[in-house]
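Engineer: After the structure tokens below, expect a handful of questions from me.
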Amino acid sequence: MMNTNEVAFLSNILKTPKQIAIIPHRNPDGDALGSSLGLYHVLKQLNHQVKVVSPNDFPEFISWLPDANEVIVFEKNYDDCSSFLQGCDLVFTLDFNAFHRAGDQMGSYLEKLRKTFIMIDHHQMPENYAEITVSDTSYGSTCELLYNFIEQLNLSHLITKDVATCIYTGIVTDSGSFKFVKTTGNTHRVVAKLIDLGVDNPKVHSQLFNTTSFNQLQLLGRALQNLKVLYNHSAAYTYLSQTDLDEFNYQKGDTEGIVNYGLSLKGINLAAIFIENKEEGMIKISFRSEGDFDVNNFARNYFNGGGHINAAGGKSFDSLSDAISKFETVLTTINKQ
Ligand code: 5GP
Ligand code: MN
């Protein structure tokens with residue numbers, strides 16, 4: 001949380017109308033877009049000129065979030081995004097803590113952008129670019145942290161149903177619907193207040209999780225058939241090649257959550273999925289673990305990535321099969337048991 005000086009500094013800035021950009025990480029998920037739009041709706045009520053500037057497009061399953069259609073996309077609309085950012089008094093970065101997480105293009109743009117940054121995030125090892133760094137890894141989501149941030153600024157009265165819906169969405173998606181380790185009493189207290197503020201929780205769940213397309217289900221089927229179990233490492237992994245993705249007309253977000261199926265196997269506490277992306281010339285990897293196996297370190301050390309202890313991601317510029325071989329080799333080397 002912020003100290004008293006930081007609260008005073010920020011409250012003072014927000015007292016008069018400002019131009020403010022809010023940036024989620026690249027490939028925004030429910031927490032990144034939910035927190036960004038939640039903050040957007042709060043700041044709008046204070047008469048600031050606010051825009052959410054996303055590095056790239058967001059997936060369909062969160063496109064119903066209130067005012068998601070107002071988001072401008074840096075990689076699609078450079079001119080508008082750049083001119084807005086240049087005119088800003090304040091730039092919030094939400095759900096990430098290192099500029100490269102905004103992607104190559106927007107990341108290097110932000111490196112050069114001399115503006116006052118405010119970071120709100122729950123990942124490990126924050127970079128040092130922000131005037132105010134609200135970074136707390138004990139939170140399960142940026143949205144939950146944002147709720148407490150709004151409270152700290154004495155702006156709770158601005159948490160409308162729309163704000164509450166955005167925040168609720170990020171909490172639900174990052175906590176695996178309230179089941180992951182960092183789901184605390186505070187999480188449930190915050191959620192209770194959000195529901196009291198009018199969040200239609202069954203509807204949010206339905207909009208998030210019950211809009212699967214036939215192709216998406218078939219793609220999941222392919223991933224489950226590709227599943228390999230490494231019992232001696234208590235690990236399981238699967239993969240989807242570009243051909244698999246093409247066959248089922250892959251849309252952004254279609255592979256969300258597939259990695260978790262590996263963890264549901266008895267005796268397995270490390271799961272991975274390797275997804276080929278021919279266009280970007282890389283393999284995107286997601287890691288999930290249960291218990292002590294630290295996938296943040298694992299992704300950082302071996303797969304150009306990072307994240308949290310139990311959920312992390314990375315990438316490989318090898319072929320799909322080489323990336324998988326490396327995974328198996330590394331597991332053997334570190335002799336995980
Ligand atoms: P996912 O597997 O859902 O893409 O990501 C899981 C977690 O790891 C998220 O919290 C995400 O922010 C983080 N993460 C995913 N990919 C990367 C990456 O390439 N680099 C870093 N530093 N973190 C990542
Ligand atoms: Mn998050």
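So you can find residues: chains in the structure tokens are A, B, ... in the order shown, residues in each start at 1, and ligands are numbered from 1 in order.
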Report the closest atom pair, with its distance in Å rounded to one decimal, for each residue of chain A that has an atom no farther than 6 Å from ligand 1; count only C-alpha atoms and all ligand atoms, sort by chain and then rising residue number, and write it as JSON lines.

Structural biologist:
```
{"residue": "A:Ser286", "atom": "CA", "partner": "ligand 1", "partner_atom_place_in_ligand_line": "2 (O)", "distance": 3.7}
{"residue": "A:Phe287", "atom": "CA", "partner": "ligand 1", "partner_atom_place_in_ligand_line": "2 (O)", "distance": 5.9}
{"residue": "A:Gly305", "atom": "CA", "partner": "ligand 1", "partner_atom_place_in_ligand_line": "20 (N)", "distance": 3.5}
{"residue": "A:Gly306", "atom": "CA", "partner": "ligand 1", "partner_atom_place_in_ligand_line": "22 (N)", "distance": 3.6}
{"residue": "A:Gly307", "atom": "CA", "partner": "ligand 1", "partner_atom_place_in_ligand_line": "8 (O)", "distance": 3.6}
{"residue": "A:Ala311", "atom": "CA", "partner": "ligand 1", "partner_atom_place_in_ligand_line": "6 (C)", "distance": 4.8}
{"residue": "A:Ala312", "atom": "CA", "partner": "ligand 1", "partner_atom_place_in_ligand_line": "8 (O)", "distance": 3.2}
{"residue": "A:Gly313", "atom": "CA", "partner": "ligand 1", "partner_atom_place_in_ligand_line": "16 (N)", "distance": 3.4}
{"residue": "A:Gly314", "atom": "CA", "partner": "ligand 1", "partner_atom_place_in_ligand_line": "19 (O)", "distance": 4.0}
{"residue": "A:Lys315", "atom": "CA", "partner": "ligand 1", "partner_atom_place_in_ligand_line": "19 (O)", "distance": 5.9}
```

Engineer: Might you pull out every residue within 12 Å of region 179-182 of chain A, with only C-alpha atoms counted and same-chain residues fewer than 4 positions away left off, and present them as a list in words?

Structural biologist: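 Those residues are His122, Asp136, Thr137, Ser138, Tyr139, Gly140, Ser141, Thr142, Glu144, Ile171, Val172, Thr173, Asp174, Ser175, Asn186, Thr187, His188, Asn260, Arg288, Ser289, Glu290, Gly291, Asp292, His308, Ile309, Asn310 and Ala311 of chain A.
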
Engineer: Give the alpha helix (DSSP H) residues of region 6-37 of chain A, as DSSP finds them on the backbone, and put them as a ChimeraX atom specification.

Structural biologist: /A:6-14,30-37

Engineer: Can you write out the residues you just picked, keeping all heavy atoms, as a tab-separated table (two decimals), in the first residue's frame?

Structural biologist:
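part30.tsv, written as the output of this step:
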```
chain	number	residue	atom	x	y	z
A	6	GLU	N	2.69	9.43	-0.18
A	6	GLU	CA	2.24	9.01	-1.51
A	6	GLU	C	0.74	9.28	-1.68
A	6	GLU	O	0.30	9.75	-2.74
A	6	GLU	CB	2.57	7.53	-1.73
A	6	GLU	CG	4.08	7.29	-1.85
A	6	GLU	CD	4.45	5.80	-1.87
A	6	GLU	OE1	3.74	4.99	-1.24
A	6	GLU	OE2	5.46	5.46	-2.49
A	7	VAL	N	-0.02	8.98	-0.65
A	7	VAL	CA	-1.46	9.24	-0.71
A	7	VAL	C	-1.70	10.73	-0.92
A	7	VAL	O	-2.51	11.14	-1.77
A	7	VAL	CB	-2.17	8.76	0.59
A	7	VAL	CG1	-3.64	9.20	0.61
A	7	VAL	CG2	-2.09	7.24	0.71
A	8	ALA	N	-0.96	11.56	-0.19
A	8	ALA	CA	-1.12	13.02	-0.30
A	8	ALA	C	-0.72	13.49	-1.70
A	8	ALA	O	-1.42	14.29	-2.33
A	8	ALA	CB	-0.27	13.72	0.76
A	9	PHE	N	0.41	12.98	-2.19
A	9	PHE	CA	0.91	13.35	-3.52
A	9	PHE	C	-0.12	13.04	-4.60
A	9	PHE	O	-0.47	13.88	-5.43
A	9	PHE	CB	2.22	12.57	-3.77
A	9	PHE	CG	2.76	12.68	-5.17
A	9	PHE	CD1	3.49	13.78	-5.57
A	9	PHE	CD2	2.56	11.64	-6.08
A	9	PHE	CE1	4.02	13.88	-6.87
A	9	PHE	CE2	3.07	11.72	-7.38
A	9	PHE	CZ	3.79	12.85	-7.77
A	10	LEU	N	-0.64	11.81	-4.55
A	10	LEU	CA	-1.58	11.38	-5.58
A	10	LEU	C	-2.93	12.10	-5.44
A	10	LEU	O	-3.51	12.55	-6.44
A	10	LEU	CB	-1.74	9.86	-5.51
A	10	LEU	CG	-2.45	9.19	-6.68
A	10	LEU	CD1	-1.80	9.55	-8.01
A	10	LEU	CD2	-2.44	7.67	-6.51
A	11	SER	N	-3.40	12.21	-4.21
A	11	SER	CA	-4.69	12.91	-3.98
A	11	SER	C	-4.61	14.32	-4.52
A	11	SER	O	-5.57	14.82	-5.12
A	11	SER	CB	-5.01	12.97	-2.48
A	11	SER	OG	-5.13	11.68	-1.97
A	12	ASN	N	-3.47	14.94	-4.31
A	12	ASN	CA	-3.28	16.31	-4.78
A	12	ASN	C	-3.32	16.40	-6.31
A	12	ASN	O	-3.99	17.27	-6.87
A	12	ASN	CB	-1.95	16.85	-4.24
A	12	ASN	CG	-1.81	18.33	-4.50
A	12	ASN	OD1	-2.74	19.09	-4.22
A	12	ASN	ND2	-0.69	18.73	-5.07
A	13	ILE	N	-2.64	15.47	-6.97
A	13	ILE	CA	-2.68	15.45	-8.44
A	13	ILE	C	-4.11	15.28	-8.94
A	13	ILE	O	-4.55	15.93	-9.88
A	13	ILE	CB	-1.81	14.30	-9.01
A	13	ILE	CG1	-0.33	14.53	-8.70
A	13	ILE	CG2	-2.01	14.15	-10.53
A	13	ILE	CD1	0.60	13.49	-9.29
A	14	LEU	N	-4.84	14.37	-8.27
A	14	LEU	CA	-6.18	14.00	-8.76
A	14	LEU	C	-7.24	15.05	-8.44
A	14	LEU	O	-8.38	14.93	-8.88
A	14	LEU	CB	-6.58	12.63	-8.21
A	14	LEU	CG	-5.73	11.43	-8.68
A	14	LEU	CD1	-6.20	10.14	-8.02
A	14	LEU	CD2	-5.77	11.29	-10.22
A	30	GLY	N	-8.25	-11.19	-17.55
A	30	GLY	CA	-9.35	-10.60	-16.78
A	30	GLY	C	-8.87	-9.63	-15.72
A	30	GLY	O	-9.51	-8.60	-15.46
A	31	ASP	N	-7.74	-9.94	-15.11
A	31	ASP	CA	-7.22	-9.07	-14.04
A	31	ASP	C	-6.65	-7.77	-14.62
A	31	ASP	O	-6.88	-6.69	-14.08
A	31	ASP	CB	-6.15	-9.82	-13.25
A	31	ASP	CG	-5.78	-9.11	-11.96
A	31	ASP	OD1	-6.64	-8.42	-11.37
A	31	ASP	OD2	-4.61	-9.25	-11.53
A	32	ALA	N	-5.91	-7.88	-15.71
A	32	ALA	CA	-5.28	-6.70	-16.31
A	32	ALA	C	-6.35	-5.75	-16.86
A	32	ALA	O	-6.33	-4.55	-16.58
A	32	ALA	CB	-4.31	-7.12	-17.41
A	33	LEU	N	-7.28	-6.28	-17.63
A	33	LEU	CA	-8.30	-5.42	-18.23
A	33	LEU	C	-9.33	-4.99	-17.18
A	33	LEU	O	-9.80	-3.85	-17.18
A	33	LEU	CB	-8.99	-6.11	-19.41
A	33	LEU	CG	-9.78	-5.16	-20.31
A	33	LEU	CD1	-8.85	-4.18	-21.01
A	33	LEU	CD2	-10.61	-5.91	-21.34
A	34	GLY	N	-9.67	-5.91	-16.27
A	34	GLY	CA	-10.62	-5.59	-15.20
A	34	GLY	C	-10.11	-4.45	-14.32
A	34	GLY	O	-10.83	-3.49	-14.04
A	35	SER	N	-8.85	-4.54	-13.91
A	35	SER	CA	-8.30	-3.48	-13.05
A	35	SER	C	-8.19	-2.18	-13.83
A	35	SER	O	-8.50	-1.10	-13.31
A	35	SER	CB	-6.95	-3.90	-12.45
A	35	SER	OG	-6.02	-4.22	-13.45
A	36	SER	N	-7.78	-2.26	-15.09
A	36	SER	CA	-7.62	-1.04	-15.89
A	36	SER	C	-8.97	-0.34	-16.07
A	36	SER	O	-9.07	0.87	-15.87
A	36	SER	CB	-7.04	-1.38	-17.27
A	36	SER	OG	-5.73	-1.90	-17.13
A	37	LEU	N	-10.01	-1.10	-16.43
A	37	LEU	CA	-11.32	-0.48	-16.64
A	37	LEU	C	-11.96	-0.06	-15.31
A	37	LEU	O	-12.67	0.95	-15.24
A	37	LEU	CB	-12.24	-1.42	-17.42
A	37	LEU	CG	-11.92	-1.49	-18.92
A	37	LEU	CD1	-12.67	-2.65	-19.58
A	37	LEU	CD2	-12.28	-0.17	-19.62
```

Engineer: What lies within 10 Å of Asn335 (chain A) using only C-alpha atoms, ignoring chain neighbours under 5 positions off, as JSON, numbers by chain?

Structural biologist: {"A": [232, 233, 329, 330]}

Engineer: What is the CA of Asn215 (chain A) to CA of Gly253 (chain A) distance in Å?

Structural biologist: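 Separation of CA of Asn215 (chain A) and CA of Gly253 (chain A): 12.1 Å.
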
Engineer: For Tyr40 (chain A), work out the shell of residues within 12 Å, counting only C-alpha atoms and skipping chain neighbours fewer than 5 positions away, then give it as a VMD selection string.

Structural biologist: chain A and resid 19 to 24 33 to 35 45 to 53 65 to 68 70 to 71 91 to 94 146 150 158 to 160 162 to 164 166 to 167

Engineer: Kindly save the residues from that selection, with C-alpha atoms included, as a short mmCIF file (atom, residue, chain, number, x, y, z; two decimals), in the first residue's frame.

Structural biologist:
```cif
data_model
loop_
_atom_site.label_atom_id
_atom_site.label_comp_id
_atom_site.auth_asym_id
_atom_site.auth_seq_id
_atom_site.Cartn_x
_atom_site.Cartn_y
_atom_site.Cartn_z
CA GLN A 19 -5.09 13.54 -18.70
CA ILE A 20 -4.45 9.99 -17.56
CA ALA A 21 -3.51 6.78 -19.37
CA ILE A 22 -4.06 3.35 -17.88
CA ILE A 23 -2.05 0.49 -19.36
CA PRO A 24 -2.63 -3.24 -18.84
CA LEU A 33 -8.30 -5.42 -18.23
CA GLY A 34 -10.62 -5.59 -15.20
CA SER A 35 -8.30 -3.48 -13.05
CA GLN A 45 -16.13 10.29 -12.26
CA LEU A 46 -13.46 12.73 -11.05
CA ASN A 47 -13.64 14.45 -14.44
CA HIS A 48 -10.23 13.38 -15.68
CA GLN A 49 -9.63 12.68 -19.31
CA VAL A 50 -8.88 8.98 -19.13
CA LYS A 51 -8.11 6.28 -21.65
CA VAL A 52 -7.15 2.65 -21.27
CA VAL A 53 -4.31 2.03 -23.73
CA LEU A 65 -16.56 -5.50 -19.53
CA PRO A 66 -18.17 -2.05 -19.17
CA ASP A 67 -16.57 0.35 -21.69
CA ALA A 68 -14.16 -2.28 -23.09
CA GLU A 70 -13.48 2.50 -25.43
CA VAL A 71 -10.05 0.87 -25.02
CA VAL A 91 0.37 7.01 -16.54
CA PHE A 92 -0.87 4.00 -14.56
CA THR A 93 0.56 0.57 -15.34
CA LEU A 94 -1.68 -2.22 -14.07
CA LEU A 146 -6.90 -1.85 -6.64
CA ILE A 150 -9.24 3.12 -4.02
CA LEU A 158 -16.96 6.01 -6.54
CA ILE A 159 -17.14 2.20 -6.70
CA THR A 160 -20.26 1.96 -8.84
CA ASP A 162 -19.55 -0.97 -13.23
CA VAL A 163 -16.37 -0.49 -11.19
CA ALA A 164 -17.37 -3.36 -8.92
CA CYS A 166 -14.60 -4.89 -13.39
CA ILE A 167 -12.86 -5.54 -10.07
#
```

Engineer: At a cut-off of 12 Å, using only C-alpha atoms, what residues contact Ala235 (chain A)? Leave out same-chain residues fewer than 6 positions from it and give the result as a compact mmCIF listing (two decimals) with N, CA, C and O atoms, in the first residue's frame.

Structural biologist:
```
# COMPACT_ATOMS: atom_id res chain seq x y z
N LEU A 227 -1.58 -34.71 -23.97
CA LEU A 227 -1.01 -34.66 -22.62
C LEU A 227 0.00 -35.78 -22.37
O LEU A 227 -0.27 -36.94 -22.67
N LYS A 228 1.16 -35.39 -21.83
CA LYS A 228 2.19 -36.37 -21.45
C LYS A 228 2.42 -36.24 -19.95
O LYS A 228 2.49 -35.14 -19.43
N VAL A 229 2.57 -37.38 -19.29
CA VAL A 229 2.79 -37.34 -17.86
C VAL A 229 4.19 -37.86 -17.54
O VAL A 229 4.59 -38.91 -18.05
N VAL A 259 -3.88 -25.33 -19.37
CA VAL A 259 -2.71 -25.81 -18.61
C VAL A 259 -3.12 -26.44 -17.28
O VAL A 259 -2.48 -27.38 -16.80
N ASN A 260 -4.22 -25.96 -16.70
CA ASN A 260 -4.61 -26.44 -15.38
C ASN A 260 -5.02 -27.91 -15.34
O ASN A 260 -4.96 -28.55 -14.29
N TYR A 261 -5.45 -28.45 -16.48
CA TYR A 261 -5.89 -29.85 -16.48
C TYR A 261 -4.79 -30.79 -16.03
O TYR A 261 -5.04 -31.80 -15.37
N GLY A 262 -3.54 -30.48 -16.38
CA GLY A 262 -2.41 -31.33 -15.97
C GLY A 262 -2.34 -31.44 -14.45
O GLY A 262 -2.06 -32.51 -13.90
N LEU A 263 -2.61 -30.32 -13.79
CA LEU A 263 -2.52 -30.30 -12.32
C LEU A 263 -3.61 -31.12 -11.65
O LEU A 263 -3.47 -31.54 -10.51
N SER A 264 -4.70 -31.35 -12.37
CA SER A 264 -5.80 -32.08 -11.75
C SER A 264 -5.49 -33.58 -11.64
O SER A 264 -6.20 -34.32 -10.97
N LEU A 265 -4.41 -34.02 -12.30
CA LEU A 265 -4.02 -35.42 -12.19
C LEU A 265 -3.49 -35.73 -10.79
O LEU A 265 -2.75 -34.94 -10.22
N LYS A 266 -3.87 -36.88 -10.29
CA LYS A 266 -3.39 -37.31 -8.98
C LYS A 266 -1.87 -37.40 -8.97
O LYS A 266 -1.28 -37.99 -9.89
N GLY A 267 -1.23 -36.81 -7.97
CA GLY A 267 0.22 -36.93 -7.82
C GLY A 267 1.01 -35.95 -8.68
O GLY A 267 2.23 -35.92 -8.62
N ILE A 268 0.34 -35.12 -9.45
CA ILE A 268 1.06 -34.17 -10.32
C ILE A 268 1.02 -32.77 -9.69
O ILE A 268 -0.05 -32.28 -9.33
N ASN A 269 2.21 -32.16 -9.55
CA ASN A 269 2.22 -30.81 -8.98
C ASN A 269 2.92 -29.77 -9.87
O ASN A 269 3.17 -28.66 -9.45
N LEU A 270 3.24 -30.18 -11.09
CA LEU A 270 3.77 -29.21 -12.05
C LEU A 270 3.13 -29.48 -13.41
O LEU A 270 3.12 -30.63 -13.88
N ALA A 271 2.56 -28.45 -14.00
CA ALA A 271 1.94 -28.62 -15.32
C ALA A 271 2.43 -27.52 -16.26
O ALA A 271 2.70 -26.40 -15.83
N ALA A 272 2.54 -27.87 -17.53
CA ALA A 272 2.97 -26.89 -18.53
C ALA A 272 2.20 -27.09 -19.82
O ALA A 272 1.71 -28.19 -20.11
N ILE A 273 2.07 -26.00 -20.56
CA ILE A 273 1.54 -26.11 -21.92
C ILE A 273 2.44 -25.29 -22.84
O ILE A 273 2.87 -24.19 -22.49
N PHE A 287 3.15 -22.19 -17.14
CA PHE A 287 3.47 -23.15 -16.09
C PHE A 287 2.52 -22.95 -14.91
O PHE A 287 2.20 -21.82 -14.57
N ARG A 288 2.10 -24.05 -14.33
CA ARG A 288 1.32 -23.99 -13.10
C ARG A 288 1.86 -25.03 -12.14
O ARG A 288 2.27 -26.11 -12.56
N SER A 289 1.84 -24.71 -10.85
CA SER A 289 2.28 -25.70 -9.87
C SER A 289 1.37 -25.67 -8.67
O SER A 289 0.55 -24.74 -8.49
N GLU A 290 1.51 -26.69 -7.86
CA GLU A 290 0.77 -26.76 -6.62
C GLU A 290 1.82 -26.99 -5.55
O GLU A 290 2.72 -27.81 -5.74
N PHE A 293 6.82 -26.02 -5.56
CA PHE A 293 7.59 -25.87 -6.80
C PHE A 293 7.37 -24.47 -7.36
O PHE A 293 6.26 -24.08 -7.73
N VAL A 295 7.39 -21.97 -9.98
CA VAL A 295 7.42 -21.83 -11.44
C VAL A 295 7.88 -20.44 -11.89
O VAL A 295 8.34 -20.27 -13.01
N PHE A 327 12.51 -28.69 -21.72
CA PHE A 327 11.72 -28.80 -20.48
C PHE A 327 12.02 -30.12 -19.77
O PHE A 327 12.32 -30.16 -18.58
N GLU A 328 12.00 -31.21 -20.54
CA GLU A 328 12.25 -32.51 -19.93
C GLU A 328 13.69 -32.61 -19.40
O GLU A 328 13.92 -33.13 -18.32
N LEU A 331 14.12 -30.59 -16.20
CA LEU A 331 13.53 -31.29 -15.06
C LEU A 331 14.44 -32.40 -14.57
O LEU A 331 14.63 -32.59 -13.37
N THR A 332 15.02 -33.12 -15.51
CA THR A 332 15.93 -34.20 -15.13
C THR A 332 17.15 -33.61 -14.43
O THR A 332 17.59 -34.13 -13.39
N ASN A 335 16.57 -32.40 -11.15
CA ASN A 335 16.18 -33.59 -10.40
C ASN A 335 15.03 -33.30 -9.45
O ASN A 335 15.09 -33.61 -8.26
N LYS A 336 14.03 -32.65 -10.02
CA LYS A 336 12.87 -32.30 -9.22
C LYS A 336 12.20 -33.57 -8.70
O LYS A 336 12.08 -34.55 -9.39
N GLN A 337 11.80 -33.56 -7.47
CA GLN A 337 11.05 -34.71 -6.97
C GLN A 337 9.95 -34.28 -6.04
O GLN A 337 10.14 -33.54 -5.16
```

Engineer: Could you give me, as a PDB file with C-alpha atoms, in the first residue's frame, the residues within 12 Å of Thr243 (chain A), counting only C-alpha atoms and dropping anything in the same chain fewer than 5 positions from it?

Structural biologist:
```pdb
ATOM      1  CA  LEU A 219      -9.020 -27.623 -29.233  1.00  0.00           C
ATOM      2  CA  ARG A 222      -6.654 -32.014 -28.742  1.00  0.00           C
ATOM      3  CA  PHE A 248      -9.823 -25.381 -34.809  1.00  0.00           C
ATOM      4  CA  ASN A 249      -9.776 -21.777 -36.002  1.00  0.00           C
ATOM      5  CA  TYR A 250      -7.962 -20.542 -32.906  1.00  0.00           C
ATOM      6  CA  ILE A 275       1.762 -23.257 -27.667  1.00  0.00           C
ATOM      7  CA  GLU A 276       3.323 -22.630 -31.030  1.00  0.00           C
ATOM      8  CA  ASN A 277       2.935 -19.162 -32.543  1.00  0.00           C
ATOM      9  CA  LYS A 278       4.314 -19.168 -36.086  1.00  0.00           C
ATOM     10  CA  LEU A 320       8.066 -26.828 -30.438  1.00  0.00           C
TER      11      LEU A 320
END
```
